[in-house]
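Asks: Encoded as structure tokens, here's the structure I'll be asking about.
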Amino acid sequence: MKIKLGNLIQLILSLSLGLGLVYWFVNQMTEEEIQATLHSFGEANYFWLFMSLIIGFVSNIIRGQRWRLMLRPVGYNPGFWNTFFSINVMFFANLFIPRLGEVTRCGILAKYEEVPVEKSIGTMVVERVIDLICLLILLGLLLLFEYDKILGLLQDTFNKKPAEADSANFLLKYGLMSAIIIAVIVGVIYIIKKHGLTQLKITIRTRLKGLIEGFTSIRHMKDFGQFIFMTIAMWIGYILMAYLAFFSLSETSHLGFLTGMGCMIFGGFAMVATPGGIGTYPLAVRAILVLYGVNEVIGGALGTMLWVTQTLGVFLSGIISLILLALINPSKK
């Protein structure tokens with residue numbers, strides 16, 4: 001897959017921000033704090049980090065099954081393995097360029113299951129909207145039970161935002177918008193030149209029809225109860241990924257489920273800011289743990305261990321999924 005200029009600029013900006021935060025994070029640590037962090041890594045119980053990884057793996061299976069439910073109303077029932085592997089590849093692609101994975105997984109189903117991209121993208125957009133609503137509901141519940149702690153964190157985040165993050169977000173936002181506009185203009189000119197204006201109208205009408213069908217798929221879903229159950233189970237799994245990791249260190253083993261929810265929510269926001277959450281994810285987890293009385297060094301160590309575990313899991317599952325996709329679909333080039 002060729003990387004477009006807009007994607008390349010986005011990758012460079014977000015990766016630079018992430019690496020800059022890593023440098024800042026390490027540079028502010030004293031020698032004693034570095035030694036304490038290394039000691040935490042040495043004393044950690046990696047069984048619980050492995051269990052966290054397994055829970056994430058199961059959550060991906062549920063996500064894949066939920067997507068299959070959304071595709072059935074638009075006339076497609078892709079295979080379990082191709083859908084599941086496409087989910088793994090989605091997270092793998094997002095390690096390098098945020099949100100590239102969403103398009104990649106739709107391309108995989110188009111290639112191996114002949115699901116039109118515009119229809120799968122329509123269902124994917126609906127899925128993301130539902131997930132955003134779920135995330136906001138969880139944030140609301142967290143604020144309800146932990147108002148004082150979380151409100152203080154939100155105020156610090158928005159009142160003391162680093163200047164480099166403001167600059168990077170500005171360039172990322174408008175650079176990406178410019179790249180999309182240019183790509184659309186070039187695509188329209190190419191279609192008109194090759195097929196004429198009539199074909200352009202037909203193409204636009206067909207794509208819009210497919211997108212609308214994808215958007216409205218949830219209205220015609222027969223297994224809506226199963227869809228709700230899978231959504232709840234998936235989000236509980238994401239919270240458990242953080243919660244189980246607490247047991248890997250004695251200093252965090254006393255923390256509760258709500259703390260895990262906080263780490264999942266703010267860690268999720270951090271994953272969007274930089275490729276794979278590099279630099280931002282450990283800082284987000286540390287900020288949450290500090291609110292619950294955990295030492296900053298221990299909080300940073302646990303956040304780093306969680307990030308390394310998840311990133312390694314996503315990387316390996318993505319590579320394996322790409323290989324298996326080719327093996328189980330030998331007739332597809």
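Labels for the structure tokens follow display order: chains A, B, ..., residues from 1 in each chain, ligands from 1.
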Run DSSP on the backbone and tell me which residues of region 216-301 of chain A come out as alpha helix (DSSP H); list them as a compact mmCIF listing (two decimals) with C-alpha atoms, in the first residue's frame.
Replies:
```txt
# COMPACT_ATOMS: atom_id res chain seq x y z
CA PHE A 224 -29.92 -6.13 18.14
CA GLY A 225 -29.92 -7.71 21.60
CA GLN A 226 -26.82 -9.69 20.70
CA PHE A 227 -25.23 -6.50 19.37
CA ILE A 228 -25.83 -4.69 22.68
CA PHE A 229 -24.47 -7.65 24.67
CA MET A 230 -21.32 -7.77 22.55
CA THR A 231 -20.80 -4.03 22.90
CA ILE A 232 -21.03 -4.21 26.69
CA ALA A 233 -18.78 -7.29 26.85
CA MET A 234 -16.19 -5.65 24.60
CA TRP A 235 -15.95 -2.52 26.72
CA ILE A 236 -15.77 -4.52 29.95
CA GLY A 237 -12.88 -6.39 28.33
CA TYR A 238 -11.06 -3.14 27.57
CA ILE A 239 -11.44 -2.04 31.20
CA LEU A 240 -10.22 -5.42 32.45
CA MET A 241 -7.07 -5.02 30.35
CA ALA A 242 -6.02 -2.15 32.60
CA TYR A 243 -7.49 -3.55 35.81
CA LEU A 244 -5.71 -6.92 35.59
CA ALA A 245 -2.41 -5.17 34.95
CA PHE A 257 -12.24 -1.42 38.83
CA LEU A 258 -13.04 2.31 38.56
CA THR A 259 -9.33 3.11 38.43
CA GLY A 260 -8.99 0.63 35.59
CA MET A 261 -11.87 2.39 33.84
CA GLY A 262 -10.07 5.72 34.19
CA CYS A 263 -6.85 4.29 32.75
CA MET A 264 -8.77 2.77 29.84
CA ILE A 265 -10.65 5.99 29.02
CA PHE A 266 -7.75 8.43 29.18
CA GLY A 267 -5.35 5.86 27.75
CA GLY A 268 -7.74 5.51 24.80
CA PHE A 269 -7.68 9.25 24.20
CA ALA A 270 -3.87 9.13 24.36
CA MET A 271 -3.74 6.35 21.75
CA VAL A 272 -5.34 8.70 19.21
CA ALA A 273 -2.86 11.52 19.82
CA THR A 280 1.21 9.71 25.51
CA TYR A 281 -0.23 6.42 26.81
CA PRO A 282 2.22 5.93 29.74
CA LEU A 283 1.75 9.58 30.73
CA ALA A 284 -2.05 9.23 30.70
CA VAL A 285 -1.95 6.07 32.84
CA ARG A 286 0.53 7.70 35.23
CA ALA A 287 -1.73 10.75 35.60
CA ILE A 288 -4.70 8.55 36.56
CA LEU A 289 -2.71 6.43 39.00
CA VAL A 290 -1.25 9.49 40.73
CA LEU A 291 -4.81 10.65 41.44
CA GLU A 296 4.65 8.88 39.94
CA VAL A 297 7.56 6.52 39.23
CA ILE A 298 5.42 3.43 39.83
CA GLY A 299 2.58 4.92 37.79
CA GLY A 300 4.93 5.64 34.89
CA ALA A 301 6.44 2.16 35.13
```
Asks: Which one of A:Ser86, A:Ser40, A:Thr123, A:Ser248 sits closest to Met70 (chain A) if you count only C-alpha atoms?
Replies: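 The shortest atom-to-atom distance to Met70 (chain A) comes from A:Thr123.
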Asks: Mind checking which residues fall within 8 Å of Phe91 (chain A), counting only C-alpha atoms, ignoring those fewer than 5 positions away in the same chain, and posting them as a ChimeraX atom specification?
Replies: /A:101,314,318
Asks: Quick check, in Å to one decimal: how far apart do CA of Phe50 (chain A) and CA of Leu95 (chain A) lie?
Replies: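 According to the coordinates, CA of Phe50 (chain A) and CA of Leu95 (chain A) are separated by 19.9 Å.
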